[in-house]
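Enquirer: The following block contains the structure, expressed as structure tokens.
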Amino acid sequence: MFNLFLAVFPEIFIINATFILLIHGVVFSTSKKYDYPPLVSNVGWLGLLSVLITLLLLAAGAPLLTIAHLFWNTLFTRDNFTYFCQILLLLSTAGTISMCFDSFEQERFDAFESIVLIPLPTRSMLFMISAHDSIAMYLAIEPQSLCFYVIAASKRKSEFSTEAGSKYLILGAFPSGILLFGCSMIYGSTGATHFDQLAKILTGYEGARSSGIFMGILSIAVGSLFKITAVPFHMWAPDIYEGSPTPVTAFLSIAPKISISANISRVFIYGSYGATLQQIFFFCSIASMILGALAAMAQTKVKRLLAHSSIGHVGYIRTGFSCGTIEGIQSLLIGIFIYALMTIDAFAIVLALRQTRVKYIADLGALAKTNPISAITFSITMFSYAGIPPLAGFCSKFYLFFAALGCGAYFLAPVGVVTSVIGRFYYIRLAKRMFFDTPRTWILYEPMDRNKSLLLAMTSSFITSFFLYPSPLFSVTHQMALSSYL
């Protein structure tokens, strides 16, 4: 039992730390003695410290992987694949929290609950990544979704934020119901919920090809694809991403994609990956890449552009998963890792610029003359999004398309290359707007705070220098992909 406690200690710590933060905020923000202080910065730093301590506990627990596998294999499992995805999730959460401090103070946004509601769904996503049972998977995904509904509407004085939260709540109920229906269909057809048992059943006899099992697996796939904004289940993303506060949009763009991609990969690796489902995933990948590239060309707002860019990148990331091979899972991990860094970089810059009410792409005119460092950093990030060599985004897309060709998806890879070329139009258009256009009204940009500067320095350095020595990431992701199949 003590070994089990050690195996789940990071999750236990972040749960307790989050509730202590919530109690701390409620007590002190309503205290007349301290004159009702705003606690966004205070709670934010404590939340960031909690996430970093959880990360250290997870890293220190690496030798306990074998113990966790032996004692915790009924509902959850912890292997190298789980370990990599959980560390990436915690790093993304820490990067999101570090964006919030100065921007919330500038906008006089004193709701400390918004900071607390970032690590709170993180613990659900940690459980979801390690879920090894359909019941555990559903119970982990629902608290995550409930927190997302609240933080999307956390800016209560903004009608756009309230609209985003309402839309997310209504539309998010459908994939949850579909996901639960899929789990019920599989249990009703097989009598099993554990992934190992399902793998034996689905590969053991012809009855596994029954319509009930296929409908259950298809429902799980649809519910998961809806939550990661894959086409044709993407319709909710642009409005919700635009209406939510910018740090929340960054979190929604990264964290669910990490947790759900890890979980759905585990579900379909364990014996339930058929040719029909592979064709469905190929279709979703191609449709996401095409729509993301074409729809982004018509956007005039920065956040809506990034929302459609996120939809397109879901298509690229799903390319690796659709292959169903070790190389495909490896390319999936590489793609998610680089995508998370690029997205944190992009939203940190957008958040810094929105302090001066930069909302439309046209507002970026002559940014290179008034704030050249931000313009250069933003351009590098956009070029990496576009897959221009030698930046990290090019290495990510190259390995994803290489994995697609390796599994025989000869149509998927050329479509990805063509959509990448189309996508370069609107990414380069941003750079052209910043360096060569003259704005109708000149905007004096405020200096960027230290937290965002350090965050941008780390992410931009990785994006620009990754091509010099990519071997460590390739080696680590290969080991993680192997562990998911063993």
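Naming works like this for the structure tokens: A, B, ... for the chains as they're shown, residue 1 at the start of each chain, ligands 1 onward in shown order.
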Please provide as a PDB file with N, CA, C and O atoms, in the first residue's frame all residues within 12 Å of Ile254 in chain A, with the sequence filter that same-chain residues fewer than 6 positions apart are discarded (counting only C-alpha atoms).
Expert:
ATOM      1  N   CYS A  85       4.159  12.155 -21.310  1.00  0.00           N
ATOM      2  CA  CYS A  85       2.993  13.008 -21.533  1.00  0.00           C
ATOM      3  C   CYS A  85       2.636  13.811 -20.280  1.00  0.00           C
ATOM      4  O   CYS A  85       2.237  14.982 -20.376  1.00  0.00           O
ATOM      5  N   LEU A  88       5.133  16.704 -19.996  1.00  0.00           N
ATOM      6  CA  LEU A  88       4.810  17.730 -20.983  1.00  0.00           C
ATOM      7  C   LEU A  88       3.576  18.520 -20.562  1.00  0.00           C
ATOM      8  O   LEU A  88       3.529  19.750 -20.712  1.00  0.00           O
ATOM      9  N   LEU A  89       2.585  17.844 -20.002  1.00  0.00           N
ATOM     10  CA  LEU A  89       1.382  18.526 -19.530  1.00  0.00           C
ATOM     11  C   LEU A  89       1.705  19.508 -18.408  1.00  0.00           C
ATOM     12  O   LEU A  89       1.224  20.657 -18.403  1.00  0.00           O
ATOM     13  N   LEU A  90       2.521  19.095 -17.451  1.00  0.00           N
ATOM     14  CA  LEU A  90       2.866  19.973 -16.330  1.00  0.00           C
ATOM     15  C   LEU A  90       3.709  21.157 -16.796  1.00  0.00           C
ATOM     16  O   LEU A  90       3.539  22.284 -16.305  1.00  0.00           O
ATOM     17  N   LEU A  91       4.608  20.942 -17.744  1.00  0.00           N
ATOM     18  CA  LEU A  91       5.384  22.062 -18.288  1.00  0.00           C
ATOM     19  C   LEU A  91       4.471  23.063 -18.998  1.00  0.00           C
ATOM     20  O   LEU A  91       4.645  24.281 -18.855  1.00  0.00           O
ATOM     21  N   SER A  92       3.510  22.568 -19.748  1.00  0.00           N
ATOM     22  CA  SER A  92       2.572  23.456 -20.436  1.00  0.00           C
ATOM     23  C   SER A  92       1.719  24.231 -19.438  1.00  0.00           C
ATOM     24  O   SER A  92       1.461  25.432 -19.627  1.00  0.00           O
ATOM     25  N   THR A  93       1.293  23.564 -18.373  1.00  0.00           N
ATOM     26  CA  THR A  93       0.504  24.247 -17.343  1.00  0.00           C
ATOM     27  C   THR A  93       1.320  25.334 -16.657  1.00  0.00           C
ATOM     28  O   THR A  93       0.823  26.441 -16.420  1.00  0.00           O
ATOM     29  N   ALA A  94       2.587  25.027 -16.344  1.00  0.00           N
ATOM     30  CA  ALA A  94       3.453  26.034 -15.724  1.00  0.00           C
ATOM     31  C   ALA A  94       3.656  27.221 -16.652  1.00  0.00           C
ATOM     32  O   ALA A  94       3.639  28.392 -16.214  1.00  0.00           O
ATOM     33  N   GLY A  95       3.841  26.968 -17.952  1.00  0.00           N
ATOM     34  CA  GLY A  95       3.989  28.065 -18.901  1.00  0.00           C
ATOM     35  C   GLY A  95       2.736  28.911 -18.996  1.00  0.00           C
ATOM     36  O   GLY A  95       2.816  30.146 -19.089  1.00  0.00           O
ATOM     37  N   THR A  96       1.565  28.286 -18.934  1.00  0.00           N
ATOM     38  CA  THR A  96       0.312  29.039 -18.993  1.00  0.00           C
ATOM     39  C   THR A  96       0.127  29.910 -17.766  1.00  0.00           C
ATOM     40  O   THR A  96      -0.267  31.084 -17.877  1.00  0.00           O
ATOM     41  N   THR A 122      -5.723  20.099 -14.348  1.00  0.00           N
ATOM     42  CA  THR A 122      -4.457  19.420 -14.625  1.00  0.00           C
ATOM     43  C   THR A 122      -4.387  18.080 -13.909  1.00  0.00           C
ATOM     44  O   THR A 122      -3.922  17.085 -14.479  1.00  0.00           O
ATOM     45  N   MET A 125      -6.327  15.650 -15.844  1.00  0.00           N
ATOM     46  CA  MET A 125      -5.630  15.236 -17.056  1.00  0.00           C
ATOM     47  C   MET A 125      -4.479  14.296 -16.742  1.00  0.00           C
ATOM     48  O   MET A 125      -4.151  13.416 -17.536  1.00  0.00           O
ATOM     49  N   LYS A 227     -13.341  16.767 -28.591  1.00  0.00           N
ATOM     50  CA  LYS A 227     -12.682  17.527 -27.538  1.00  0.00           C
ATOM     51  C   LYS A 227     -11.325  18.074 -27.948  1.00  0.00           C
ATOM     52  O   LYS A 227     -10.806  18.990 -27.312  1.00  0.00           O
ATOM     53  N   ILE A 228     -10.712  17.529 -29.015  1.00  0.00           N
ATOM     54  CA  ILE A 228      -9.438  18.087 -29.481  1.00  0.00           C
ATOM     55  C   ILE A 228      -9.624  18.912 -30.746  1.00  0.00           C
ATOM     56  O   ILE A 228      -8.646  19.242 -31.417  1.00  0.00           O
ATOM     57  N   THR A 229     -10.879  19.260 -31.076  1.00  0.00           N
ATOM     58  CA  THR A 229     -11.222  20.157 -32.194  1.00  0.00           C
ATOM     59  C   THR A 229     -10.785  19.621 -33.548  1.00  0.00           C
ATOM     60  O   THR A 229     -10.299  20.371 -34.389  1.00  0.00           O
ATOM     61  N   TYR A 241     -12.429  30.002 -28.358  1.00  0.00           N
ATOM     62  CA  TYR A 241     -11.054  30.467 -28.222  1.00  0.00           C
ATOM     63  C   TYR A 241     -10.988  31.983 -28.245  1.00  0.00           C
ATOM     64  O   TYR A 241     -10.176  32.597 -27.542  1.00  0.00           O
ATOM     65  N   PRO A 247      -4.963  33.774 -21.634  1.00  0.00           N
ATOM     66  CA  PRO A 247      -4.262  32.644 -21.005  1.00  0.00           C
ATOM     67  C   PRO A 247      -5.097  31.362 -21.015  1.00  0.00           C
ATOM     68  O   PRO A 247      -4.560  30.265 -21.170  1.00  0.00           O
ATOM     69  N   VAL A 248      -6.414  31.505 -20.870  1.00  0.00           N
ATOM     70  CA  VAL A 248      -7.294  30.340 -20.908  1.00  0.00           C
ATOM     71  C   VAL A 248      -7.301  29.733 -22.311  1.00  0.00           C
ATOM     72  O   VAL A 248      -7.284  28.507 -22.483  1.00  0.00           O
ATOM     73  N   ILE A 260      -5.814  14.035 -24.089  1.00  0.00           N
ATOM     74  CA  ILE A 260      -6.726  13.202 -24.874  1.00  0.00           C
ATOM     75  C   ILE A 260      -5.970  12.424 -25.946  1.00  0.00           C
ATOM     76  O   ILE A 260      -6.292  11.267 -26.242  1.00  0.00           O
ATOM     77  N   SER A 261      -4.952  13.037 -26.541  1.00  0.00           N
ATOM     78  CA  SER A 261      -4.148  12.298 -27.523  1.00  0.00           C
ATOM     79  C   SER A 261      -3.449  11.109 -26.874  1.00  0.00           C
ATOM     80  O   SER A 261      -3.396  10.015 -27.448  1.00  0.00           O
ATOM     81  N   ALA A 307      -6.782  30.056 -33.590  1.00  0.00           N
ATOM     82  CA  ALA A 307      -7.722  28.954 -33.376  1.00  0.00           C
ATOM     83  C   ALA A 307      -7.776  28.046 -34.598  1.00  0.00           C
ATOM     84  O   ALA A 307      -7.729  26.815 -34.469  1.00  0.00           O
ATOM     85  N   SER A 310      -4.671  26.096 -34.842  1.00  0.00           N
ATOM     86  CA  SER A 310      -4.706  24.960 -33.924  1.00  0.00           C
ATOM     87  C   SER A 310      -5.471  23.782 -34.522  1.00  0.00           C
ATOM     88  O   SER A 310      -5.060  22.625 -34.376  1.00  0.00           O
ATOM     89  N   ILE A 311      -6.577  24.076 -35.220  1.00  0.00           N
ATOM     90  CA  ILE A 311      -7.339  23.009 -35.876  1.00  0.00           C
ATOM     91  C   ILE A 311      -6.475  22.321 -36.932  1.00  0.00           C
ATOM     92  O   ILE A 311      -6.461  21.093 -37.062  1.00  0.00           O
ATOM     93  N   HIS A 313      -3.210  22.123 -36.980  1.00  0.00           N
ATOM     94  CA  HIS A 313      -2.147  21.343 -36.348  1.00  0.00           C
ATOM     95  C   HIS A 313      -2.677  20.066 -35.701  1.00  0.00           C
ATOM     96  O   HIS A 313      -1.922  19.101 -35.543  1.00  0.00           O
ATOM     97  N   VAL A 314      -3.962  20.070 -35.316  1.00  0.00           N
ATOM     98  CA  VAL A 314      -4.562  18.811 -34.857  1.00  0.00           C
ATOM     99  C   VAL A 314      -4.512  17.781 -35.975  1.00  0.00           C
ATOM    100  O   VAL A 314      -4.231  16.597 -35.756  1.00  0.00           O
ATOM    101  N   GLY A 335       5.518  15.785 -32.385  1.00  0.00           N
ATOM    102  CA  GLY A 335       4.641  16.852 -32.859  1.00  0.00           C
ATOM    103  C   GLY A 335       3.959  17.591 -31.724  1.00  0.00           C
ATOM    104  O   GLY A 335       3.875  18.824 -31.732  1.00  0.00           O
ATOM    105  N   ILE A 336       3.451  16.864 -30.718  1.00  0.00           N
ATOM    106  CA  ILE A 336       2.777  17.516 -29.593  1.00  0.00           C
ATOM    107  C   ILE A 336       3.756  18.362 -28.793  1.00  0.00           C
ATOM    108  O   ILE A 336       3.441  19.481 -28.365  1.00  0.00           O
ATOM    109  N   PHE A 337       4.963  17.837 -28.584  1.00  0.00           N
ATOM    110  CA  PHE A 337       5.958  18.568 -27.804  1.00  0.00           C
ATOM    111  C   PHE A 337       6.305  19.902 -28.472  1.00  0.00           C
ATOM    112  O   PHE A 337       6.281  20.961 -27.836  1.00  0.00           O
ATOM    113  N   ILE A 338       6.597  19.868 -29.759  1.00  0.00           N
ATOM    114  CA  ILE A 338       6.974  21.098 -30.467  1.00  0.00           C
ATOM    115  C   ILE A 338       5.770  22.020 -30.617  1.00  0.00           C
ATOM    116  O   ILE A 338       5.898  23.251 -30.494  1.00  0.00           O
ATOM    117  N   TYR A 339       4.593  21.459 -30.858  1.00  0.00           N
ATOM    118  CA  TYR A 339       3.384  22.282 -30.967  1.00  0.00           C
ATOM    119  C   TYR A 339       3.115  23.022 -29.655  1.00  0.00           C
ATOM    120  O   TYR A 339       2.728  24.208 -29.662  1.00  0.00           O
ATOM    121  N   ALA A 340       3.299  22.356 -28.513  1.00  0.00           N
ATOM    122  CA  ALA A 340       3.068  23.003 -27.218  1.00  0.00           C
ATOM    123  C   ALA A 340       4.006  24.187 -27.029  1.00  0.00           C
ATOM    124  O   ALA A 340       3.582  25.267 -26.587  1.00  0.00           O
ATOM    125  N   LEU A 341       5.278  24.022 -27.377  1.00  0.00           N
ATOM    126  CA  LEU A 341       6.233  25.126 -27.229  1.00  0.00           C
ATOM    127  C   LEU A 341       5.884  26.294 -28.153  1.00  0.00           C
ATOM    128  O   LEU A 341       5.928  27.463 -27.744  1.00  0.00           O
ATOM    129  N   MET A 342       5.531  25.992 -29.397  1.00  0.00           N
ATOM    130  CA  MET A 342       5.180  27.065 -30.333  1.00  0.00           C
ATOM    131  C   MET A 342       3.926  27.802 -29.883  1.00  0.00           C
ATOM    132  O   MET A 342       3.850  29.035 -30.002  1.00  0.00           O
ATOM    133  N   THR A 343       2.952  27.079 -29.366  1.00  0.00           N
ATOM    134  CA  THR A 343       1.703  27.713 -28.941  1.00  0.00           C
ATOM    135  C   THR A 343       1.911  28.590 -27.718  1.00  0.00           C
ATOM    136  O   THR A 343       1.351  29.691 -27.629  1.00  0.00           O
ATOM    137  N   ILE A 344       2.714  28.119 -26.753  1.00  0.00           N
ATOM    138  CA  ILE A 344       3.033  28.958 -25.592  1.00  0.00           C
ATOM    139  C   ILE A 344       3.735  30.232 -26.048  1.00  0.00           C
ATOM    140  O   ILE A 344       3.428  31.342 -25.577  1.00  0.00           O
ATOM    141  N   ASP A 345       4.669  30.103 -26.979  1.00  0.00           N
ATOM    142  CA  ASP A 345       5.391  31.260 -27.506  1.00  0.00           C
ATOM    143  C   ASP A 345       4.430  32.242 -28.162  1.00  0.00           C
ATOM    144  O   ASP A 345       4.454  33.451 -27.889  1.00  0.00           O
ATOM    145  N   ALA A 346       3.549  31.746 -29.037  1.00  0.00           N
ATOM    146  CA  ALA A 346       2.635  32.620 -29.768  1.00  0.00           C
ATOM    147  C   ALA A 346       1.665  33.338 -28.840  1.00  0.00           C
ATOM    148  O   ALA A 346       1.465  34.560 -28.954  1.00  0.00           O
ATOM    149  N   PHE A 347       1.082  32.614 -27.896  1.00  0.00           N
ATOM    150  CA  PHE A 347       0.096  33.241 -27.021  1.00  0.00           C
ATOM    151  C   PHE A 347       0.742  34.176 -26.007  1.00  0.00           C
ATOM    152  O   PHE A 347       0.097  35.131 -25.558  1.00  0.00           O
TER     153      PHE A 347
END
Enquirer: Report as a Markdown table: every residue of range 263-363 of chain A with an atom at most 7 Å from range 438-460 of chain A, its closest pair of atoms, and their distance in Å to one decimal, counting only C-alpha atoms, with rows sorted by chain and ascending residue number.
Expert:
| residue | atom | partner | partner_atom | distance |
| --- | --- | --- | --- | --- |
| A:Leu341 | CA | A:Thr459 | CA | 5.8 |
| A:Asp345 | CA | A:Leu456 | CA | 5.7 |
| A:Ala348 | CA | A:Lys452 | CA | 6.2 |
| A:Ala352 | CA | A:Met448 | CA | 6.0 |
| A:Leu353 | CA | A:Tyr445 | CA | 7.0 |
| A:Thr356 | CA | A:Tyr445 | CA | 6.1 |
| A:Asp363 | CA | A:Pro439 | CA | 6.9 |
Enquirer: Could you name the residues that touch range 378-387 of chain A at 6 Å or less, counting only C-alpha atoms, but leaving out those on the same chain fewer than 5 positions away, as a ChimeraX atom specification?
Expert: /A:393-394,424,427,431
Enquirer: For Phe214 in chain A, which residue out of A:Glu159, A:Leu277, A:Phe466, A:Ser154 is the nearest one, using only C-alpha atoms?
Expert: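 Residue with the minimum atom-to-atom distance to Phe214 in chain A: A:Leu277.
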Enquirer: A:Met434, A:Ile20, A:Leu52, A:Ala404: which is nearest Asn371 in chain A, counting only C-alpha atoms?
Expert: A:Met434
Enquirer: Just asking: which residues within range 217-424 of chain A are alpha helix (DSSP H) according to DSSP, as number ranges by chain?
Expert: A: 217-227, 237-243, 246-269, 275-296, 302-323, 326-354, 367-370, 372-386, 392-406, 412-424
Enquirer: Go through A:Ser158, A:Ser134, A:Phe402, A:Cys147 one by one, measure the shortest atom-to-atom distance of each to Gly191 in chain A using only C-alpha atoms, and give the residue with the smallest value.
Expert: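 Smallest separation from Gly191 in chain A among the options: A:Ser134.
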Enquirer: From the set A:Leu120, A:Leu468, A:Ile264, A:Val27, which residue has the shortest atom-to-atom contact distance to Tyr138 in chain A, counting only C-alpha atoms?
Expert: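 Ranking A:Leu120, A:Leu468, A:Ile264, A:Val27 by distance to Tyr138 in chain A, first place goes to A:Ile264.
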Enquirer: Got a sec: who's within 10 Å of Val267 in chain A, counting only C-alpha atoms, leaving out chain neighbours fewer than 5 positions off, as a PyMOL selection string?
Expert: chain A and resi 131-134+137+194-196+198-199+217+220-221+261-262+272-273
Enquirer: Take the residues from that selection and write them out as a PDB file, in the first residue's frame, keeping C-alpha atoms.
Expert:
ATOM      1  CA  ALA A 131      -6.094   5.768 -17.311  1.00  0.00           C
ATOM      2  CA  HIS A 132      -6.100   2.075 -18.229  1.00  0.00           C
ATOM      3  CA  ASP A 133      -9.803   1.440 -17.891  1.00  0.00           C
ATOM      4  CA  SER A 134     -12.814   2.936 -19.674  1.00  0.00           C
ATOM      5  CA  MET A 137     -11.048   7.348 -18.483  1.00  0.00           C
ATOM      6  CA  HIS A 194     -10.000  -2.837 -18.563  1.00  0.00           C
ATOM      7  CA  PHE A 195      -7.875  -2.163 -21.643  1.00  0.00           C
ATOM      8  CA  ASP A 196      -5.837  -5.369 -21.243  1.00  0.00           C
ATOM      9  CA  LEU A 198     -10.438  -5.619 -24.109  1.00  0.00           C
ATOM     10  CA  ALA A 199      -7.228  -6.252 -26.042  1.00  0.00           C
ATOM     11  CA  ILE A 217     -15.215   2.210 -30.328  1.00  0.00           C
ATOM     12  CA  ILE A 220     -15.238   6.896 -28.122  1.00  0.00           C
ATOM     13  CA  ALA A 221     -13.324   8.108 -31.166  1.00  0.00           C
ATOM     14  CA  SER A 261      -4.148  12.298 -27.523  1.00  0.00           C
ATOM     15  CA  ALA A 262      -2.280  10.197 -24.958  1.00  0.00           C
ATOM     16  CA  SER A 272      -9.073  -2.170 -31.024  1.00  0.00           C
ATOM     17  CA  TYR A 273      -7.459  -0.516 -34.045  1.00  0.00           C
TER      18      TYR A 273
END
Enquirer: What gap, in Å, lies between CA of Ile213 in chain A and CA of Leu179 in chain A?
Expert: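 Calculated distance between CA of Ile213 in chain A and CA of Leu179 in chain A is 13.3 Å.
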Enquirer: Skip range 13-15 of chain A itself and residues of its chain fewer than 6 positions away, then list as an MDAnalysis selection string all residues within 12 Å of it, counting only C-alpha atoms.
Expert: chainID A and resid 5:7 21:22 46:58 90 116:127
Enquirer: For CA of Val418 in chain A and CA of Gln278 in chain A, quote the distance in Å rounded to one decimal.
Expert: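 Here the two named atoms are 21.6 Å from each other.
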